[in-house]
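Colleague: To start, I am sharing the structure in question, which I have written as structure tokens.
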Amino acid sequence: MSLPPLPEEAITIGADARTWREAVRLAGAGLEASGAARSAYSEEMIRMIEEHGPYVVIAPGLALAHARPGPDVIKDGLAVVTLSTPVAFGHPHNDPVSVVLGLAILSIEGHLASVAELANVFNDPTAIPAIAAAKDAATIIAIMKREQ
Amino acid sequence: MKIVAICGAGIGSSSILKVNAERVLANLGLEANVTAADISSVRTVAADAQVILTSSEFVEAIGKTFADVIVIENYFDLRELTEKLEKSLG
């Protein structure tokens, strides 16, 4: 099992975002920078939250922004954004969010293995605070690849 | 036994719920078929399900169902999933 690709270009550390929309756009920009998605994918991720609510905030302090596979996805990819000041998504339990993941999936078939690996990373409750506190992209990559 | 994990897209968050629910069920020694689906297909996918796993945002949209609707707050907290699944299935 392996995570979707997470190159350094897809990581933004200590970003300033005033709203959850800005935070999700930063994750989208990371996916665009690494060649995983086109810019329109950001708006797709935002639309999912506007339509269904802040369900993407799946753990305390962590949002998993994503949309369906579609023409805006170029290849599987992951982006990580850490926020200098956490933002509220409006979630009843898990706000405020300090780490936003962006996930782009090319096809539904076969994505479960990479999601299972994502679960392996975050089933460790120290992972979110460690990512939020990381000072550089290499540290975040090591945490996500469970090399620490 | 059939368990359905519901989210907005039917991928991503519901897949994490599926993966972790399968881990918990294996730990509990229970056999179940766990599927991930999006909210628009809940009527068909969950028609014969015993349990629906989801977040609070989707409870209203799921509406009336014979399934036990379990709201999960932390998708990565296997203890929360274990407690809630045990309560529902036990």
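Letters A, B, ... mark the chains of the structure tokens in the order given; residue numbers begin at 1 per chain; ligand numbers begin at 1, in order shown.
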DSSP says helix (DSSP H, G or I) for which residues of region 4-52 of chain B? Put them as a PyMOL selection string?

Modeller: chain B and resi 13-28+39-45

Colleague: Give as a list in words every residue of chain B that touches chain A within 9 Å, counting only C-alpha atoms.

Modeller: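 Going by the stated atoms only, the list reads Cys7, Gly8, Ala9, Gly10, Ile11, Gly12, Ser13, Ser15, Ile16, Leu17, Val19, Asn20, Thr54, Ser55, Ser56, Glu57, Phe58, Ile72, Glu73, Asn74, Tyr75, Phe76, Asp77 and Leu78 of chain B.
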
Colleague: Mind checking DSSP for chain B and telling me the strand (DSSP E or B) residues as number ranges by chain?

Modeller: B: 2-7, 33-38, 51-54, 68-71

Colleague: Pick from A:Ser34, A:Pro86, A:Arg25, A:Leu78: nearest to Arg47 (chain A), with only C-alpha atoms counted?

Modeller: A:Arg25

Colleague: Taking only C-alpha atoms into account, name the residue in B:Val59, B:Leu85, B:Leu53, B:Ala67 that is nearest to Ile6 (chain B).

Modeller: B:Leu53

Colleague: With only C-alpha atoms as the counted atoms, please give the residues lying no more than 7 Å from Asp95 (chain A), apart from itself and same-chain residues fewer than 5 positions off, as a PyMOL selection string.

Modeller: chain A and resi 60-61+88-90

Colleague: Determine the nearest neighbour of Lys18 (chain B) from the options B:Met1, B:Leu81, B:Ile62, B:Ala47, counting only C-alpha atoms.

Modeller: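 Nearest candidate to Lys18 (chain B) out of B:Met1, B:Leu81, B:Ile62, B:Ala47: B:Leu81.
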
Colleague: What separation in Å, quoted to one decimal, exists between CA of Thr19 (chain A) and CA of Gly35 (chain A)?

Modeller: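 Answer for the CA of Thr19 (chain A) to CA of Gly35 (chain A) separation: 24.8 Å.
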